[in-house]
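Here is the structure we will look at, set down as structure tokens.
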Amino acid sequence: MERLRQILTRIDGKGYKAYKDIQGEYRFPQFQLFIDYVQGDPFALPSRLRVRMPQNRAGYQPEWYRLAHHRTALEDWLTRKWVQKIDQLSRRARGSGKSGLISVDRPGQEILKRTSVVVNGNFAEVRLTVGLPAQGRRILGRQAQQMLLKDLPELVEQSLLLTDSDCVSVEKRMKLADNQLAIRQVMRERGWIAFVADGSILPRESGISDRPLQTNEVVRFQSPPTLRETVAVPHGPAVTGMAIPDGITLIIGGGYHGKSTLLHAIERGVYDHIERDGREYVLTDPEAVKIRAEDGRRVEKVNISPFINNLPFGRDTKSFSTEDASGSTSQAANIMENLELGCSCLLIDEDTSATNFMIRDARMQALVSKGKEPITPFIDKVRQLYEEKNVSSILVLGGSGDYFDVADRVIMMDHYLPYDVTEKAKQVARVHSQRREPEGGDYFGEITPRRPLAKGFDAQKGKKEKVDAKGLHTILFGRVQLDCSALEQLTDPSQTRAIAQMLRELGKRANGERTLTQLVEDLYLQIGEHGLDIISPFYGQHPGDLAMPRKFELAGALNRLRSLVVK
Ligand code: ADP
Ligand code: MG
């Protein structure tokens, strides 16, 4: 600590480069400070440092971090505590650029495994970025002293040492994590795809905010009696709600009655949510994948033949490539890629689907013969998918009753409340028979694994390797820009940053032998063993702000990489 004070005194008023001298390790009374990286100038990427407090000082209960789900919940809780305390330590302007800013990764509504905080039996460590104070390009040593020798220890004290009321809050968080895990276990045992607890708040504040809608017009979720299930949880009263079993589930109802909102909540249920989110007990099979149409995307040698055949000019659909997919071919490719990866359920909304991919009604069949239509619509494949591949579907479809024939259950949204109308729908299907010809053939068809080649992963930009993310939806990979906006279950920019690094890792292993799925799964095994830090080029130091994506979003990004080459 004294050593740091001396250096800061010495370099006061010098050019910014002299800040490099503070790189290193320092011992404070309560903690250790690691200054891993010092920015080259006040406008560059901020400096990265870590504070580490020994566990015998932090004094966290071992039950809070011994099991993985508790540790993730605790690390997330601590990250939020830091965010809150940093916000309180209102920014005191200290000069140019990002001068004087201390920050930590900012979680959204989901509880994700991230690199921001690490807790184990030895220590609790927080990864911070700071803007070292400067005036122009001149070092403001005194302000840096205030920041690193006073504000920072104060923050550590307030955010790593827990008060009694903090402990109560952590305990609550642990109970929530236990309950979420318990319900997920019951879901697996009983074969449910999704569970939506009564009382949940599904709508969000706005299209750009993921917080719960909080007006008096919110209609809380209420399960229909026929789908109502009660699950015992380790803490507190049993949880009652709507269980969606595997199979084919339709969500129907008038426009603006809450269909898409329900599906969105189910999409996000692959993650756990924080207390007071309104979706704490909206839980979904973690291998369920949202599928949408995405015209314009690239496709690299995907077998889309279960859905698309006999394209003009005899184009091969067993190994289909395009730089510019249509609505229907992109939706087919999205499904096939996720089947290749082993998803358990497809989540599809009419709002973001290609109509000609979803339906082809009796009249159209009568006018346009099957031989003239390359698309086998999803309606003729959805049952085969379930019966042969054990892949379920949840479909939002307000505009076509043809699916009544193939659905296992039909849920109607009416004024934001769900009703089980399965019997009525089946009756309607009998009375208003459509005389559609099934066009799906005898079997679903083949899912063909692909083997990425190393040459598709060139991340060089000029002389340097360049891999980075911009916001939630864009990855810069060497010279190519990768658009992830169709990956609707990607929820945090730190996941996107992680995917960027993971793509680089996959590139090192791709050899034309291992399948895309094997590559992805091997990487996850390794992360499971060594932690998320290992995907960072700065392993052993501040690894950057990263959060764990699912393998579906990682593979989704890879599949959209315009340089990808497979055999
Ligand atoms: P649909 O897909 O049936 O057309 P949406 O799900 O898009 O309808 O919902 C329409 C609007 O209603 C959205 O603005 C949404 O925020 C709002 N909404 C959805 N569910 C609820 C609810 N339970 N309570 C209040 N408003 C809701
Ligand atoms: Mg809708």
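Labels used: A, B, ... for chains in the order of the structure tokens, numbers from 1 for residues in each chain, and numbers from 1 for ligands as shown.
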
Worksheet item: What lies within 7 Å of region 77-86 of chain A using only C-alpha atoms, ignoring chain neighbours under 4 positions off, as a list in words?
Response: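 So, after excluding close chain neighbours, the residues are Ala73, Ser103, Val104, Arg106, Ser116, Val117, Leu155 and Ser159 of chain A.
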
Please list as a PDB file with N, CA and C atoms, in the first residue's frame every residue within 10 Å of Ser305 (chain A), counting only C-alpha atoms and excluding residues in the same chain fewer than 3 positions away.
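New file result-v9.pdb:
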```
ATOM      1  N   VAL A 302     -25.586 -27.216 -44.517  1.00  0.00           N
ATOM      2  CA  VAL A 302     -26.524 -27.829 -43.578  1.00  0.00           C
ATOM      3  C   VAL A 302     -27.478 -28.735 -44.353  1.00  0.00           C
ATOM      4  N   ILE A 308     -36.738 -28.989 -46.975  1.00  0.00           N
ATOM      5  CA  ILE A 308     -36.634 -28.345 -48.290  1.00  0.00           C
ATOM      6  C   ILE A 308     -36.049 -29.325 -49.311  1.00  0.00           C
ATOM      7  N   ASN A 309     -36.715 -29.448 -50.447  1.00  0.00           N
ATOM      8  CA  ASN A 309     -36.258 -30.340 -51.507  1.00  0.00           C
ATOM      9  C   ASN A 309     -36.564 -29.747 -52.870  1.00  0.00           C
ATOM     10  N   ASN A 310     -35.905 -30.289 -53.906  1.00  0.00           N
ATOM     11  CA  ASN A 310     -36.215 -29.889 -55.279  1.00  0.00           C
ATOM     12  C   ASN A 310     -36.198 -28.381 -55.476  1.00  0.00           C
ATOM     13  N   ASP A 316     -28.536 -28.620 -54.114  1.00  0.00           N
ATOM     14  CA  ASP A 316     -28.450 -29.681 -53.126  1.00  0.00           C
ATOM     15  C   ASP A 316     -28.978 -29.188 -51.781  1.00  0.00           C
ATOM     16  N   THR A 317     -29.951 -29.883 -51.237  1.00  0.00           N
ATOM     17  CA  THR A 317     -30.425 -29.462 -49.915  1.00  0.00           C
ATOM     18  C   THR A 317     -29.943 -30.409 -48.808  1.00  0.00           C
ATOM     19  N   LYS A 318     -29.213 -31.454 -49.171  1.00  0.00           N
ATOM     20  CA  LYS A 318     -28.593 -32.312 -48.146  1.00  0.00           C
ATOM     21  C   LYS A 318     -27.340 -31.652 -47.601  1.00  0.00           C
ATOM     22  N   SER A 319     -26.787 -30.748 -48.371  1.00  0.00           N
ATOM     23  CA  SER A 319     -25.621 -30.007 -47.932  1.00  0.00           C
ATOM     24  C   SER A 319     -25.782 -28.602 -48.494  1.00  0.00           C
ATOM     25  N   PHE A 320     -26.685 -27.875 -47.848  1.00  0.00           N
ATOM     26  CA  PHE A 320     -27.150 -26.619 -48.419  1.00  0.00           C
ATOM     27  C   PHE A 320     -26.336 -25.437 -47.912  1.00  0.00           C
ATOM     28  N   ALA A 332     -35.523 -23.322 -41.657  1.00  0.00           N
ATOM     29  CA  ALA A 332     -35.174 -24.745 -41.726  1.00  0.00           C
ATOM     30  C   ALA A 332     -33.749 -24.964 -41.228  1.00  0.00           C
ATOM     31  N   ALA A 333     -32.828 -24.115 -41.653  1.00  0.00           N
ATOM     32  CA  ALA A 333     -31.433 -24.257 -41.229  1.00  0.00           C
ATOM     33  C   ALA A 333     -31.316 -24.057 -39.718  1.00  0.00           C
ATOM     34  N   MET A 336     -32.426 -27.280 -38.110  1.00  0.00           N
ATOM     35  CA  MET A 336     -31.510 -28.410 -38.316  1.00  0.00           C
ATOM     36  C   MET A 336     -30.218 -28.229 -37.524  1.00  0.00           C
ATOM     37  N   PRO A 374     -41.054 -26.800 -53.011  1.00  0.00           N
ATOM     38  CA  PRO A 374     -39.864 -27.367 -52.361  1.00  0.00           C
ATOM     39  C   PRO A 374     -40.027 -27.541 -50.851  1.00  0.00           C
ATOM     40  N   ILE A 375     -40.924 -26.768 -50.225  1.00  0.00           N
ATOM     41  CA  ILE A 375     -41.004 -26.762 -48.761  1.00  0.00           C
ATOM     42  C   ILE A 375     -41.969 -27.813 -48.251  1.00  0.00           C
ATOM     43  N   THR A 376     -41.501 -28.655 -47.346  1.00  0.00           N
ATOM     44  CA  THR A 376     -42.410 -29.484 -46.568  1.00  0.00           C
ATOM     45  C   THR A 376     -42.691 -28.702 -45.293  1.00  0.00           C
ATOM     46  N   PHE A 444     -38.837 -38.482 -40.320  1.00  0.00           N
ATOM     47  CA  PHE A 444     -38.411 -37.085 -40.285  1.00  0.00           C
ATOM     48  C   PHE A 444     -37.298 -36.823 -41.285  1.00  0.00           C
ATOM     49  N   GLY A 445     -36.322 -37.728 -41.335  1.00  0.00           N
ATOM     50  CA  GLY A 445     -35.176 -37.504 -42.221  1.00  0.00           C
ATOM     51  C   GLY A 445     -33.912 -37.396 -41.415  1.00  0.00           C
ATOM     52  N   GLU A 446     -32.842 -37.112 -42.096  1.00  0.00           N
ATOM     53  CA  GLU A 446     -31.537 -37.231 -41.463  1.00  0.00           C
ATOM     54  C   GLU A 446     -31.026 -35.907 -40.902  1.00  0.00           C
ATOM     55  N   ILE A 447     -30.324 -36.017 -39.772  1.00  0.00           N
ATOM     56  CA  ILE A 447     -29.621 -34.869 -39.198  1.00  0.00           C
ATOM     57  C   ILE A 447     -28.140 -35.149 -39.423  1.00  0.00           C
TER      58      ILE A 447
END
```

Response to the item:
Of A:Arg436, A:Lys17, A:Arg430, A:Lys259, the one nearest to ligand 2 when counting only C-alpha atoms and all ligand atoms is A:Lys259

Quick one: which chain A residues come within 10 Å of ligand 1, and what is the nearest atom pair for each with the distance in Å to one decimal, counting only C-alpha atoms and all ligand atoms, rows ordered by chain and ascending number, as a Markdown table?
```
| residue | atom | partner | partner_atom_place_in_ligand_line | distance |
| --- | --- | --- | --- | --- |
| A:Gly199 | CA | ligand 1 | 23 (N) | 9.9 |
| A:Ser200 | CA | ligand 1 | 23 (N) | 8.7 |
| A:Ile201 | CA | ligand 1 | 23 (N) | 6.5 |
| A:Leu202 | CA | ligand 1 | 23 (N) | 5.9 |
| A:Pro203 | CA | ligand 1 | 16 (O) | 4.6 |
| A:Arg204 | CA | ligand 1 | 16 (O) | 5.9 |
| A:Glu205 | CA | ligand 1 | 16 (O) | 7.3 |
| A:Ser206 | CA | ligand 1 | 16 (O) | 7.0 |
| A:Gly207 | CA | ligand 1 | 16 (O) | 8.3 |
| A:Pro212 | CA | ligand 1 | 16 (O) | 9.6 |
| A:Leu213 | CA | ligand 1 | 16 (O) | 7.4 |
| A:Gln214 | CA | ligand 1 | 25 (C) | 9.0 |
| A:Thr215 | CA | ligand 1 | 25 (C) | 8.1 |
| A:Asn216 | CA | ligand 1 | 25 (C) | 8.6 |
| A:Glu217 | CA | ligand 1 | 25 (C) | 5.5 |
| A:Val218 | CA | ligand 1 | 24 (N) | 3.7 |
| A:Val219 | CA | ligand 1 | 24 (N) | 3.9 |
| A:Arg220 | CA | ligand 1 | 23 (N) | 5.5 |
| A:Phe221 | CA | ligand 1 | 23 (N) | 6.4 |
| A:Gln222 | CA | ligand 1 | 23 (N) | 9.5 |
| A:Ile251 | CA | ligand 1 | 3 (O) | 9.0 |
| A:Ile252 | CA | ligand 1 | 3 (O) | 7.8 |
| A:Gly253 | CA | ligand 1 | 3 (O) | 6.4 |
| A:Gly254 | CA | ligand 1 | 3 (O) | 6.0 |
| A:Gly255 | CA | ligand 1 | 4 (O) | 3.8 |
| A:Tyr256 | CA | ligand 1 | 4 (O) | 3.4 |
| A:His257 | CA | ligand 1 | 3 (O) | 4.0 |
| A:Gly258 | CA | ligand 1 | 6 (O) | 3.2 |
| A:Lys259 | CA | ligand 1 | 3 (O) | 3.8 |
| A:Ser260 | CA | ligand 1 | 2 (O) | 3.7 |
| A:Thr261 | CA | ligand 1 | 6 (O) | 3.6 |
| A:Leu262 | CA | ligand 1 | 6 (O) | 6.4 |
| A:Leu263 | CA | ligand 1 | 6 (O) | 7.9 |
| A:His264 | CA | ligand 1 | 6 (O) | 8.2 |
| A:Ala265 | CA | ligand 1 | 6 (O) | 9.9 |
| A:Asp349 | CA | ligand 1 | 2 (O) | 8.4 |
| A:Glu350 | CA | ligand 1 | 2 (O) | 8.7 |
| A:Asp351 | CA | ligand 1 | 2 (O) | 7.6 |
| A:Val396 | CA | ligand 1 | 2 (O) | 7.8 |
| A:Leu397 | CA | ligand 1 | 2 (O) | 9.0 |
| A:Gly398 | CA | ligand 1 | 3 (O) | 7.7 |
| A:Met412 | CA | ligand 1 | 3 (O) | 9.6 |
| A:Met413 | CA | ligand 1 | 3 (O) | 7.1 |
| A:Asp414 | CA | ligand 1 | 3 (O) | 8.5 |
| A:His415 | CA | ligand 1 | 23 (N) | 7.8 |
| A:Tyr416 | CA | ligand 1 | 23 (N) | 4.6 |
| A:Leu417 | CA | ligand 1 | 23 (N) | 7.0 |
| A:Pro418 | CA | ligand 1 | 23 (N) | 9.8 |
```

Output the selection as a short mmCIF file (atom, residue, chain, number, x, y, z; two decimals), in the first residue's frame - C-alpha atoms for each residue.
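And here's out28.cif as it stands now:
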```
data_model
loop_
_atom_site.label_atom_id
_atom_site.label_comp_id
_atom_site.auth_asym_id
_atom_site.auth_seq_id
_atom_site.Cartn_x
_atom_site.Cartn_y
_atom_site.Cartn_z
CA GLY A 199 -48.63 -15.19 -9.63
CA SER A 200 -45.74 -14.73 -12.07
CA ILE A 201 -45.43 -11.41 -13.85
CA LEU A 202 -44.60 -12.12 -17.50
CA PRO A 203 -44.81 -8.76 -19.34
CA ARG A 204 -41.77 -6.50 -19.30
CA GLU A 205 -41.54 -2.78 -18.76
CA SER A 206 -40.87 -2.07 -22.44
CA GLY A 207 -39.31 -3.49 -25.56
CA PRO A 212 -41.12 -6.47 -14.84
CA LEU A 213 -44.02 -4.34 -16.00
CA GLN A 214 -45.27 -2.54 -12.92
CA THR A 215 -48.62 -0.94 -13.52
CA ASN A 216 -51.95 -1.82 -11.97
CA GLU A 217 -52.95 -3.30 -15.32
CA VAL A 218 -50.58 -6.24 -14.95
CA VAL A 219 -52.43 -9.54 -15.01
CA ARG A 220 -50.55 -12.08 -12.95
CA PHE A 221 -50.29 -15.56 -14.35
CA GLN A 222 -52.96 -18.06 -13.31
CA ILE A 251 -50.55 -21.24 -27.78
CA ILE A 252 -53.44 -19.57 -29.56
CA GLY A 253 -55.72 -16.60 -28.95
CA GLY A 254 -56.60 -13.19 -30.28
CA GLY A 255 -53.98 -10.61 -31.20
CA TYR A 256 -52.65 -8.64 -28.23
CA HIS A 257 -53.87 -11.19 -25.70
CA GLY A 258 -50.43 -12.14 -24.42
CA LYS A 259 -49.28 -15.09 -26.56
CA SER A 260 -45.84 -13.79 -27.44
CA THR A 261 -45.32 -12.52 -23.91
CA LEU A 262 -45.88 -16.02 -22.56
CA LEU A 263 -43.49 -17.51 -25.10
CA HIS A 264 -40.82 -14.88 -24.37
CA ALA A 265 -41.02 -15.72 -20.68
CA ASP A 349 -43.68 -17.70 -32.68
CA GLU A 350 -45.78 -16.86 -35.71
CA ASP A 351 -44.62 -13.24 -35.38
CA VAL A 396 -47.54 -19.57 -30.90
CA LEU A 397 -50.06 -19.61 -33.72
CA GLY A 398 -53.09 -17.37 -33.71
CA MET A 412 -55.69 -20.17 -25.40
CA MET A 413 -54.59 -16.78 -24.10
CA ASP A 414 -57.56 -14.57 -23.34
CA HIS A 415 -57.05 -11.20 -21.67
CA TYR A 416 -53.57 -12.40 -20.64
CA LEU A 417 -54.88 -15.54 -18.95
CA PRO A 418 -54.38 -19.09 -20.23
#
```

Item to complete: Please measure the separation of CA of Ser485 (chain A) and CA of Glu294 (chain A), giving the value in Å to one decimal.
Response: 9.5 Å

Worksheet item: For Arg211 (chain A), which residue among A:Ser321, A:Ser99, A:Gln481, A:Gln109 is the nearest when counting only C-alpha atoms?
Response: A:Gln109

Practice prompt. Could you pull out the residues in region 317-550 of chain A that DSSP calls alpha helix (DSSP H) from the backbone, as an NGL selection string?
Written response: :A and (327-341 or 355-358 or 362-367 or 382-389 or 422-431 or 493-509 or 516-530)

Discussion item. Calculated over only C-alpha atoms, which of the candidates A:Leu506, A:Leu250, A:Leu311, A:Ala197 has the smallest distance to Gly371 (chain A)?
Written reply: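 Using only C-alpha atoms, the shortest distance to Gly371 (chain A) belongs to A:Leu311.
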
Worksheet item: From the list A:Ser369, A:Asn179, A:Ser400, A:Thr352, which residue is nearest ligand 2 when using only C-alpha atoms and all ligand atoms?
Response: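 Closest candidate: A:Thr352.
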
Worksheet item: Skipping near chain neighbours, those fewer than 4 positions away, what residues fall within 10 Å of Gly440 (chain A) using only C-alpha atoms, listed as number ranges by chain?
Response: A: 306-307, 376-384, 444-445

Item to complete: From a DSSP pass on the backbone, collect the residues of region 325-520 of chain A flagged as strand (DSSP E or B) and hand them back as a PyMOL selection string.
Response: chain A and resi 345-349+375+392-396+409-414+417-420+452+460-461+464-465+467-470+474-477+480-483

Residue subset to file, keeping N, CA, C and O atoms, as a compact mmCIF listing (two decimals), in the first residue's frame:
```
# COMPACT_ATOMS: atom_id res chain seq x y z
N CYS A 345 -36.30 -29.03 -27.39
CA CYS A 345 -37.60 -28.42 -27.67
C CYS A 345 -37.41 -27.21 -28.57
O CYS A 345 -36.44 -26.47 -28.43
N LEU A 346 -38.34 -27.01 -29.50
CA LEU A 346 -38.31 -25.83 -30.36
C LEU A 346 -39.40 -24.87 -29.90
O LEU A 346 -40.53 -25.28 -29.62
N LEU A 347 -39.04 -23.60 -29.79
CA LEU A 347 -40.00 -22.56 -29.41
C LEU A 347 -40.17 -21.65 -30.62
O LEU A 347 -39.21 -21.04 -31.08
N ILE A 348 -41.39 -21.60 -31.13
CA ILE A 348 -41.61 -20.88 -32.39
C ILE A 348 -42.79 -19.93 -32.26
O ILE A 348 -43.85 -20.30 -31.74
N ASP A 349 -42.61 -18.71 -32.72
CA ASP A 349 -43.68 -17.70 -32.68
C ASP A 349 -44.04 -17.30 -34.10
O ASP A 349 -43.16 -17.02 -34.93
N ILE A 375 -40.92 -26.77 -50.22
CA ILE A 375 -41.00 -26.76 -48.76
C ILE A 375 -41.97 -27.81 -48.25
O ILE A 375 -43.12 -27.88 -48.69
N SER A 392 -39.65 -31.80 -28.58
CA SER A 392 -40.97 -31.19 -28.42
C SER A 392 -41.04 -29.84 -29.13
O SER A 392 -40.02 -29.29 -29.52
N SER A 393 -42.26 -29.31 -29.22
CA SER A 393 -42.42 -27.97 -29.78
C SER A 393 -43.46 -27.19 -28.98
O SER A 393 -44.47 -27.75 -28.57
N ILE A 394 -43.18 -25.92 -28.78
CA ILE A 394 -44.20 -25.00 -28.26
C ILE A 394 -44.36 -23.92 -29.32
O ILE A 394 -43.40 -23.24 -29.68
N LEU A 395 -45.57 -23.80 -29.85
CA LEU A 395 -45.81 -22.93 -31.00
C LEU A 395 -46.85 -21.87 -30.69
O LEU A 395 -47.94 -22.20 -30.20
N VAL A 396 -46.54 -20.63 -30.97
CA VAL A 396 -47.54 -19.57 -30.90
C VAL A 396 -48.13 -19.39 -32.29
O VAL A 396 -47.41 -19.09 -33.24
N ARG A 409 -51.76 -30.47 -27.00
CA ARG A 409 -52.59 -29.60 -26.17
C ARG A 409 -52.62 -28.19 -26.76
O ARG A 409 -51.70 -27.79 -27.47
N VAL A 410 -53.71 -27.51 -26.49
CA VAL A 410 -53.91 -26.18 -27.03
C VAL A 410 -54.25 -25.24 -25.88
O VAL A 410 -55.21 -25.48 -25.13
N ILE A 411 -53.42 -24.22 -25.72
CA ILE A 411 -53.64 -23.25 -24.65
C ILE A 411 -54.10 -21.95 -25.29
O ILE A 411 -53.43 -21.44 -26.20
N MET A 412 -55.21 -21.43 -24.84
CA MET A 412 -55.69 -20.17 -25.40
C MET A 412 -55.40 -19.03 -24.42
O MET A 412 -55.75 -19.12 -23.24
N MET A 413 -54.79 -17.97 -24.91
CA MET A 413 -54.59 -16.78 -24.10
C MET A 413 -55.77 -15.85 -24.33
O MET A 413 -56.12 -15.54 -25.48
N ASP A 414 -56.40 -15.44 -23.25
CA ASP A 414 -57.56 -14.57 -23.34
C ASP A 414 -57.42 -13.52 -22.24
O ASP A 414 -57.42 -13.87 -21.06
N LEU A 417 -54.76 -14.34 -19.78
CA LEU A 417 -54.88 -15.54 -18.95
C LEU A 417 -55.00 -16.78 -19.83
O LEU A 417 -55.66 -16.75 -20.87
N PRO A 418 -54.37 -17.88 -19.41
CA PRO A 418 -54.38 -19.09 -20.23
C PRO A 418 -55.57 -19.99 -19.92
O PRO A 418 -55.97 -20.13 -18.77
N TYR A 419 -56.14 -20.60 -20.97
CA TYR A 419 -57.21 -21.59 -20.81
C TYR A 419 -56.84 -22.83 -21.61
O TYR A 419 -56.30 -22.70 -22.71
N ASP A 420 -57.14 -23.98 -21.05
CA ASP A 420 -56.88 -25.22 -21.78
C ASP A 420 -58.07 -25.49 -22.68
O ASP A 420 -59.15 -25.83 -22.21
N PRO A 452 -16.13 -28.73 -38.69
CA PRO A 452 -15.50 -27.45 -39.05
C PRO A 452 -14.00 -27.59 -39.32
O PRO A 452 -13.31 -28.36 -38.67
N GLN A 460 -7.34 -13.05 -37.91
CA GLN A 460 -6.33 -12.01 -38.15
C GLN A 460 -7.00 -10.75 -38.69
O GLN A 460 -7.87 -10.81 -39.55
N LYS A 461 -6.58 -9.64 -38.15
CA LYS A 461 -6.96 -8.38 -38.78
C LYS A 461 -5.67 -7.59 -38.90
O LYS A 461 -5.11 -7.18 -37.88
N LYS A 464 -2.55 -8.41 -36.42
CA LYS A 464 -2.95 -8.87 -35.09
C LYS A 464 -4.19 -9.74 -35.13
O LYS A 464 -5.02 -9.61 -36.02
N GLU A 465 -4.31 -10.61 -34.13
CA GLU A 465 -5.55 -11.33 -33.94
C GLU A 465 -6.54 -10.38 -33.27
O GLU A 465 -6.20 -9.74 -32.28
N VAL A 467 -10.43 -10.16 -31.82
CA VAL A 467 -11.71 -10.80 -31.50
C VAL A 467 -12.37 -9.97 -30.42
O VAL A 467 -11.79 -9.73 -29.37
N ASP A 468 -13.59 -9.54 -30.67
CA ASP A 468 -14.24 -8.69 -29.69
C ASP A 468 -15.75 -8.68 -29.91
O ASP A 468 -16.23 -9.17 -30.93
N ALA A 469 -16.47 -8.13 -28.97
CA ALA A 469 -17.91 -8.02 -29.12
C ALA A 469 -18.31 -6.56 -28.97
O ALA A 469 -17.65 -5.79 -28.28
N LYS A 470 -19.38 -6.20 -29.67
CA LYS A 470 -19.91 -4.84 -29.55
C LYS A 470 -21.37 -4.96 -29.14
O LYS A 470 -22.20 -5.34 -29.95
N THR A 474 -23.37 -8.04 -31.67
CA THR A 474 -22.34 -8.03 -32.72
C THR A 474 -21.02 -8.57 -32.20
O THR A 474 -20.56 -8.19 -31.13
N ILE A 475 -20.43 -9.46 -32.99
CA ILE A 475 -19.10 -9.96 -32.68
C ILE A 475 -18.19 -9.58 -33.83
O ILE A 475 -18.56 -9.69 -35.01
N LEU A 476 -17.01 -9.08 -33.49
CA LEU A 476 -16.01 -8.79 -34.51
C LEU A 476 -14.99 -9.91 -34.43
O LEU A 476 -14.33 -10.10 -33.41
N PHE A 477 -14.89 -10.66 -35.52
CA PHE A 477 -13.99 -11.81 -35.54
C PHE A 477 -13.04 -11.63 -36.70
O PHE A 477 -13.39 -11.88 -37.85
N VAL A 480 -14.25 -10.28 -40.16
CA VAL A 480 -15.69 -10.44 -40.38
C VAL A 480 -16.50 -9.97 -39.18
O VAL A 480 -16.09 -10.11 -38.02
N GLN A 481 -17.64 -9.40 -39.49
CA GLN A 481 -18.57 -8.96 -38.47
C GLN A 481 -19.69 -9.98 -38.40
O GLN A 481 -20.20 -10.41 -39.43
N LEU A 482 -20.03 -10.37 -37.20
CA LEU A 482 -20.97 -11.47 -37.01
C LEU A 482 -22.21 -10.93 -36.32
O LEU A 482 -22.13 -10.36 -35.24
N ASP A 483 -23.36 -11.12 -36.97
CA ASP A 483 -24.61 -10.59 -36.44
C ASP A 483 -25.34 -11.66 -35.64
O ASP A 483 -25.73 -12.69 -36.20
```

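Excluding Thr322 (chain A) itself and same-chain residues fewer than 6 positions from it, the residues having an atom within 8 Å of it are Arg298, Val299 and Glu300 of chain A, counting only C-alpha atoms.
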
Using only C-alpha atoms, which protein or nucleic acid residues come within 8 Å of Ile111 (chain A)? Drop anything in the same chain fewer than 3 positions from it, and give the result as a CSV table (one decimal) with N, CA and C atoms, in the first residue's frame.
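As a result, part-v4.csv now contains:
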```csv
chain,number,residue,atom,x,y,z
A,72,THR,N,-22.7,-19.8,-7.8
A,72,THR,CA,-23.1,-18.9,-8.9
A,72,THR,C,-24.1,-17.8,-8.3
A,73,ALA,N,-25.0,-18.3,-7.5
A,73,ALA,CA,-25.9,-17.3,-6.9
A,73,ALA,C,-25.2,-16.3,-6.0
A,76,ASP,N,-23.1,-13.9,-8.1
A,76,ASP,CA,-24.0,-12.9,-8.8
A,76,ASP,C,-24.5,-11.9,-7.7
A,107,PRO,N,-24.9,-7.2,-14.2
A,107,PRO,CA,-25.8,-8.2,-14.6
A,107,PRO,C,-27.2,-7.7,-14.9
A,108,GLY,N,-28.0,-8.4,-15.8
A,108,GLY,CA,-29.4,-8.0,-16.0
A,108,GLY,C,-30.2,-8.8,-15.0
A,271,TYR,N,-32.8,-19.7,-18.2
A,271,TYR,CA,-32.0,-19.1,-17.1
A,271,TYR,C,-32.8,-18.9,-15.8
A,272,ASP,N,-32.1,-18.8,-14.7
A,272,ASP,CA,-32.7,-18.5,-13.5
A,272,ASP,C,-32.8,-16.9,-13.4
A,273,HIS,N,-33.8,-16.4,-12.7
A,273,HIS,CA,-34.0,-15.0,-12.6
A,273,HIS,C,-33.9,-14.6,-11.1
A,274,ILE,N,-33.5,-13.3,-10.9
A,274,ILE,CA,-33.3,-12.8,-9.6
A,274,ILE,C,-34.7,-12.6,-8.9
```
